[in-house]
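A.B. asks: final.txt (compact mmCIF, C-alpha atoms) pasted underneath:
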# COMPACT_ATOMS: atom_id res chain seq x y z
CA MET V 1 3.54 -10.10 -4.48
CA ASP V 2 2.66 -6.44 -4.10
CA VAL V 3 -0.43 -4.86 -5.64
CA VAL V 4 -1.47 -1.22 -5.97
CA VAL V 5 -3.99 -0.34 -3.27
CA GLY V 6 -4.01 3.41 -3.81
CA ARG V 7 -2.43 6.43 -5.45
CA VAL V 8 -1.65 9.72 -3.74
CA ALA V 9 -3.67 12.40 -5.52
CA LYS V 10 -2.54 15.45 -3.53
CA ALA V 11 -1.75 16.93 -0.16
CA HIS V 12 -4.75 17.92 1.93
CA GLY V 13 -4.45 20.66 4.52
CA ILE V 14 -1.26 21.81 6.20
CA THR V 15 -0.46 18.91 8.53
CA GLY V 16 0.68 16.23 6.07
CA GLU V 17 -2.66 14.57 5.34
CA LEU V 18 -2.93 13.01 1.87
CA ALA V 19 -5.90 12.57 -0.47
CA VAL V 20 -5.66 9.01 -1.81
CA ASP V 21 -7.49 7.47 -4.78
CA VAL V 22 -8.35 4.01 -3.50
CA ARG V 23 -7.63 1.00 -5.72
CA THR V 24 -8.66 -1.84 -3.44
CA ASP V 25 -11.89 -3.55 -2.49
CA SER V 26 -10.85 -3.61 1.15
CA PRO V 27 -9.74 -0.08 2.10
CA GLU V 28 -10.77 -0.63 5.72
CA MET V 29 -8.12 -3.35 5.96
CA ARG V 30 -5.42 -1.83 3.74
CA PHE V 31 -5.60 1.61 5.39
CA ALA V 32 -6.26 0.41 8.94
CA LEU V 33 -4.47 2.09 11.82
CA GLY V 34 -0.93 0.70 11.97
CA ALA V 35 -1.01 -0.88 8.49
CA THR V 36 2.29 -0.58 6.63
CA LEU V 37 2.31 0.15 2.90
CA GLN V 38 5.16 0.34 0.44
CA ALA V 39 5.24 3.69 -1.34
CA LYS V 40 6.64 3.69 -4.87
CA LEU V 41 7.60 7.28 -5.57
CA ARG V 42 7.62 8.90 -9.02
CA ASP V 43 11.45 8.84 -9.09
CA GLY V 44 11.40 5.04 -8.76
CA THR V 45 12.48 4.89 -5.13
CA SER V 46 10.45 3.13 -2.46
CA ARG V 47 9.82 3.63 1.22
CA SER V 48 7.56 2.22 3.91
CA LEU V 49 4.68 4.28 5.29
CA THR V 50 2.63 3.46 8.38
CA VAL V 51 -1.04 4.53 8.52
CA SER V 52 -1.83 6.69 11.55
CA ALA V 53 -5.36 7.73 10.46
CA ALA V 54 -7.75 7.38 7.52
CA ARG V 55 -11.20 8.75 6.78
CA PRO V 56 -13.43 8.99 3.71
CA HIS V 57 -13.79 12.38 2.01
CA ALA V 58 -15.39 13.26 -1.34
CA GLY V 59 -14.86 9.87 -2.97
CA ARG V 60 -11.28 9.52 -1.70
CA LEU V 61 -9.59 8.60 1.53
CA LEU V 62 -7.76 11.20 3.55
CA VAL V 63 -4.80 9.35 5.02
CA ARG V 64 -2.16 10.30 7.57
CA PHE V 65 1.11 8.43 7.74
CA GLU V 66 3.45 8.52 10.73
CA GLU V 67 6.35 9.45 8.44
CA VAL V 68 4.55 12.43 6.81
CA VAL V 69 4.12 15.37 9.17
CA THR V 70 4.21 18.47 6.97
CA ARG V 71 2.47 19.67 3.83
CA ASP V 72 5.83 19.91 2.03
CA VAL V 73 6.53 16.22 2.61
CA ALA V 74 2.95 15.40 1.60
CA GLU V 75 3.33 17.40 -1.63
CA SER V 76 6.49 15.47 -2.48
CA LEU V 77 4.41 12.27 -2.45
CA ARG V 78 1.93 13.42 -5.13
CA GLY V 79 1.54 10.60 -7.68
CA THR V 80 3.05 7.97 -5.39
CA LEU V 81 1.64 4.45 -5.75
CA LEU V 82 0.76 2.74 -2.49
CA LEU V 83 1.39 -0.99 -2.53
CA GLY V 84 0.13 -3.76 -0.29
CA SER V 85 1.01 -7.44 -0.15
CA THR V 86 -1.32 -10.05 -1.63
CA ASP V 87 -0.33 -12.28 1.29
CA ASP V 88 -2.47 -10.08 3.55
CA LEU V 89 -5.67 -10.73 1.59
CA PRO V 90 -8.25 -13.19 2.87
CA PRO V 91 -9.27 -15.93 0.44
CA THR V 92 -12.42 -15.27 -1.54
CA ASP V 93 -15.22 -17.70 -0.75
CA ASP V 94 -17.29 -16.78 -3.81
CA PRO V 95 -16.19 -18.58 -7.01
CA ASP V 96 -17.33 -15.54 -9.03
CA GLU V 97 -15.20 -13.08 -7.03
CA PHE V 98 -11.61 -12.29 -7.95
CA TYR V 99 -8.86 -9.98 -6.82
CA ASP V 100 -7.50 -7.71 -9.55
CA HIS V 101 -4.02 -9.21 -9.31
CA GLU V 102 -5.44 -12.67 -10.05
CA LEU V 103 -6.81 -11.46 -13.41
CA GLU V 104 -3.86 -9.33 -14.52
CA GLY V 105 -1.69 -11.28 -16.96
CA LEU V 106 -4.34 -13.83 -17.91
CA THR V 107 -4.74 -14.69 -21.59
CA ALA V 108 -7.97 -13.32 -23.05
CA GLU V 109 -9.45 -15.54 -25.72
CA LEU V 110 -12.66 -15.70 -27.71
CA VAL V 111 -15.20 -18.49 -27.23
CA ASP V 112 -13.75 -20.33 -30.25
CA GLY V 113 -10.28 -20.32 -28.65
CA THR V 114 -8.81 -17.49 -30.74
CA LYS V 115 -6.33 -15.51 -28.65
CA LEU V 116 -7.50 -11.93 -28.18
CA GLY V 117 -4.67 -10.61 -26.00
CA THR V 118 -3.59 -10.31 -22.36
CA VAL V 119 -5.44 -8.73 -19.43
CA LYS V 120 -3.39 -5.70 -18.41
CA GLU V 121 -5.56 -4.37 -15.59
CA ILE V 122 -9.07 -3.93 -14.27
CA LEU V 123 -10.62 -0.47 -14.31
CA HIS V 124 -13.19 0.23 -11.61
CA GLY V 125 -15.71 2.87 -12.58
CA PRO V 126 -19.16 4.00 -11.53
CA GLY V 127 -20.71 1.89 -14.31
CA GLY V 128 -18.84 -1.28 -13.33
CA GLU V 129 -15.54 -2.98 -14.01
CA LEU V 130 -13.71 -3.13 -17.33
CA LEU V 131 -10.97 -5.54 -18.34
CA VAL V 132 -8.18 -3.73 -20.17
CA VAL V 133 -6.91 -6.22 -22.74
CA ILE V 134 -3.66 -5.56 -24.60
CA ARG V 135 -4.01 -6.58 -28.24
CA ASP V 136 -1.75 -6.34 -31.27
CA ARG V 137 -3.82 -3.32 -32.32
CA GLY V 138 -3.80 -1.54 -28.97
CA GLU V 139 -6.02 -1.83 -25.92
CA ALA V 140 -9.58 -3.12 -25.80
CA LEU V 141 -11.95 -2.29 -22.94
CA ILE V 142 -14.19 -5.25 -22.15
CA PRO V 143 -17.11 -4.90 -19.71
CA PHE V 144 -16.46 -7.43 -16.95
CA VAL V 145 -19.95 -8.95 -16.81
CA ARG V 146 -20.92 -12.63 -17.06
CA GLU V 147 -22.70 -12.15 -20.42
CA ILE V 148 -19.45 -10.94 -22.05
CA VAL V 149 -16.89 -12.74 -19.87
CA PRO V 150 -18.58 -16.12 -19.26
CA THR V 151 -15.45 -17.94 -18.08
CA VAL V 152 -12.67 -16.91 -15.72
CA ASP V 153 -10.14 -19.70 -15.27
CA VAL V 154 -7.44 -18.32 -12.98
CA ARG V 155 -5.69 -21.68 -12.60
CA GLY V 156 -5.79 -22.23 -16.37
CA GLY V 157 -4.48 -18.69 -16.95
CA ARG V 158 -7.32 -17.48 -19.16
CA VAL V 159 -10.54 -15.53 -19.46
CA VAL V 160 -13.04 -16.28 -22.22
CA ILE V 161 -14.63 -13.31 -23.99
CA ASP V 162 -17.96 -13.55 -25.84
CA PRO V 163 -18.22 -10.01 -27.23
CA PRO V 164 -21.48 -8.65 -28.58
CA GLU V 165 -21.40 -7.56 -32.21
CA GLY V 166 -19.38 -4.39 -32.66
CA LEU V 167 -17.55 -4.40 -29.29
CA LEU V 168 -14.17 -5.22 -30.82
CA ASP V 169 -14.75 -3.57 -34.22
CA ALA V 170 -13.62 -0.13 -33.09
CA ASP V 171 -10.03 -1.37 -32.58
Can you dump the structure from the file as structure tokens?

C.D. replies:
Amino acid sequence: MDVVVGRVAKAHGITGELAVDVRTDSPEMRFALGATLQAKLRDGTSRSLTVSAARPHAGRLLVRFEEVVTRDVAESLRGTLLLGSTDDLPPTDDPDEFYDHELEGLTAELVDGTKLGTVKEILHGPGGELLVVIRDRGEALIPFVREIVPTVDVRGGRVVIDPPEGLLDAD
């Protein structure tokens, strides 16, 4: 299975370097020299890209790919999703640690068993992670902290939500 590990934000400089918004907890592995990523372009096509260099810069990674040698080619990749295989990920040893792809698609339910919706994705922000739950009435953003999400049962296909008063009222 492929998961999004980054998104091309823009070209950087004149030699084909790309500014990438990282969407992985292991950028040092995903963007290592020689790593191959699948690029899903905005037009729906895909192609393989091989990392030739990567370095942090202003909250992003600046990445060079062997196949991208000019600014024009780099500009054509703006908005491209960079995908990596879940097969390449090491197992997590911590029972309270999860990869995003393991949570996406799980049923979200309340403590009493009432179905709330389905986990669409995990947003990573400076204040912490949020579960994006698709509900009949739109999306709900749930802080991914033990006090609000006391149970994550990947094998059982569910997360249990214990929302504080008012969290779900705004829907």

A.B. asks: Point out the residue among V:Arg23, V:Lys120, V:Arg64, V:Lys10 with the least atom-to-atom distance to Gly79 of chain V, counting all atoms listed in the file.

C.D. replies: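 Nearest to Gly79 of chain V: V:Lys10.
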
A.B. asks: Quick one: residues within 12 Å of segment 124-128 of chain V, only C-alpha atoms counted, chain neighbours fewer than 6 positions away excluded, as a PyMOL selection string?

C.D. replies: chain V and resi 21-25+59+100+141-145

A.B. asks: One decimal, Å: what's the distance from atom CA of Val5 of chain V over to atom CA of Thr50 of chain V, could you say?

C.D. replies: 13.9 Å

A.B. asks: Please list as a list in words every residue within 7 Å of Val160 of chain V, counting only C-alpha atoms and excluding residues in the same chain fewer than 3 positions away.

C.D. replies: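 Within the cut-off, the hits are Ala108, Glu109, Leu110, Val111, Val149, Pro150, Thr151 and Val152 of chain V.
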
A.B. asks: Just how far from atom CA of Leu61 of chain V is atom CA of Gly84 of chain V, in Å to one decimal?

C.D. replies: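 Calculated distance between atom CA of Gly84 of chain V and atom CA of Leu61 of chain V is 15.8 Å.
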
A.B. asks: Rank V:Val51, V:Ile122, V:Met29, V:Ala11 by their smallest atom-to-atom distance to Asp72 of chain V, using all atoms listed in the file, and report the top residue only.

C.D. replies: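 Of all the options, V:Ala11 lies closest to Asp72 of chain V.
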
A.B. asks: Which of these, V:Ser85, V:Ser76, V:Ser52, V:Thr92, has the shortest distance to Ala32 of chain V once you count only C-alpha atoms?

C.D. replies: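 Under the stated criterion, the closest residue is V:Ser52.
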
A.B. asks: Point out the residue among V:Leu49, V:Val8, V:Ala19, V:Leu33 with the least atom-to-atom distance to Leu81 of chain V, counting only C-alpha atoms.

C.D. replies: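 Going through V:Leu49, V:Val8, V:Ala19, V:Leu33 one by one, the smallest distance to Leu81 of chain V is for V:Val8.
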
A.B. asks: Output, as AutoDock Vina command-line options, the centre and edge lengths in Å (one decimal) of the axis-aligned box that contains all listed atoms of segment 21-40 of chain V with 5 Å of margin on each side.

C.D. replies:
--center_x -2.6 --center_y 1.9 --center_z 3.1 --size_x 28.5 --size_y 21.1 --size_z 27.7

A.B. asks: Go through V:Gly166, V:Glu97, V:Thr114, V:Thr36 one by one, measure the shortest atom-to-atom distance of each to Arg146 of chain V using only C-alpha atoms, and give the residue with the smallest value.

C.D. replies: V:Glu97

A.B. asks: Rebuild segment 97-118 of chain V so that it carries N, CA and C atoms, then output the result as a CSV table (one decimal), in the frame of the given file.

C.D. replies:
chain,number,residue,atom,x,y,z
V,97,GLU,N,-15.9,-14.3,-7.5
V,97,GLU,CA,-15.2,-13.1,-7.0
V,97,GLU,C,-13.7,-13.3,-7.2
V,98,PHE,N,-13.0,-12.2,-7.7
V,98,PHE,CA,-11.6,-12.3,-8.0
V,98,PHE,C,-10.9,-11.0,-7.5
V,99,TYR,N,-9.7,-11.1,-7.1
V,99,TYR,CA,-8.9,-10.0,-6.8
V,99,TYR,C,-8.3,-9.5,-8.2
V,100,ASP,N,-8.0,-8.2,-8.3
V,100,ASP,CA,-7.5,-7.7,-9.6
V,100,ASP,C,-6.2,-8.4,-9.9
V,101,HIS,N,-5.3,-8.6,-9.0
V,101,HIS,CA,-4.0,-9.2,-9.3
V,101,HIS,C,-4.1,-10.6,-9.8
V,102,GLU,N,-5.2,-11.3,-9.5
V,102,GLU,CA,-5.4,-12.7,-10.0
V,102,GLU,C,-5.8,-12.7,-11.5
V,103,LEU,N,-6.4,-11.6,-12.0
V,103,LEU,CA,-6.8,-11.5,-13.4
V,103,LEU,C,-5.7,-10.9,-14.3
V,104,GLU,N,-4.9,-10.0,-13.7
V,104,GLU,CA,-3.9,-9.3,-14.5
V,104,GLU,C,-2.9,-10.4,-15.0
V,105,GLY,N,-2.6,-10.3,-16.3
V,105,GLY,CA,-1.7,-11.3,-17.0
V,105,GLY,C,-2.3,-12.5,-17.6
V,106,LEU,N,-3.7,-12.7,-17.3
V,106,LEU,CA,-4.3,-13.8,-17.9
V,106,LEU,C,-4.5,-13.6,-19.4
V,107,THR,N,-4.5,-14.7,-20.2
V,107,THR,CA,-4.7,-14.7,-21.6
V,107,THR,C,-6.2,-14.5,-21.8
V,108,ALA,N,-6.6,-13.5,-22.7
V,108,ALA,CA,-8.0,-13.3,-23.0
V,108,ALA,C,-8.2,-14.0,-24.4
V,109,GLU,N,-9.2,-14.9,-24.5
V,109,GLU,CA,-9.4,-15.5,-25.7
V,109,GLU,C,-10.9,-15.5,-26.0
V,110,LEU,N,-11.3,-15.7,-27.3
V,110,LEU,CA,-12.7,-15.7,-27.7
V,110,LEU,C,-13.2,-17.1,-27.4
V,111,VAL,N,-14.5,-17.2,-27.5
V,111,VAL,CA,-15.2,-18.5,-27.2
V,111,VAL,C,-14.7,-19.6,-28.1
V,112,ASP,N,-14.3,-19.3,-29.3
V,112,ASP,CA,-13.8,-20.3,-30.2
V,112,ASP,C,-12.3,-20.7,-30.0
V,113,GLY,N,-11.7,-20.0,-29.0
V,113,GLY,CA,-10.3,-20.3,-28.6
V,113,GLY,C,-9.3,-19.4,-29.3
V,114,THR,N,-9.7,-18.5,-30.1
V,114,THR,CA,-8.8,-17.5,-30.7
V,114,THR,C,-8.3,-16.5,-29.7
V,115,LYS,N,-6.9,-16.4,-29.6
V,115,LYS,CA,-6.3,-15.5,-28.6
V,115,LYS,C,-6.6,-14.1,-29.0
V,116,LEU,N,-7.2,-13.3,-28.0
V,116,LEU,CA,-7.5,-11.9,-28.2
V,116,LEU,C,-6.4,-11.0,-27.7
V,117,GLY,N,-5.7,-11.4,-26.6
V,117,GLY,CA,-4.7,-10.6,-26.0
V,117,GLY,C,-4.4,-11.0,-24.6
V,118,THR,N,-3.9,-10.1,-23.8
V,118,THR,CA,-3.6,-10.3,-22.4
V,118,THR,C,-4.2,-9.3,-21.5
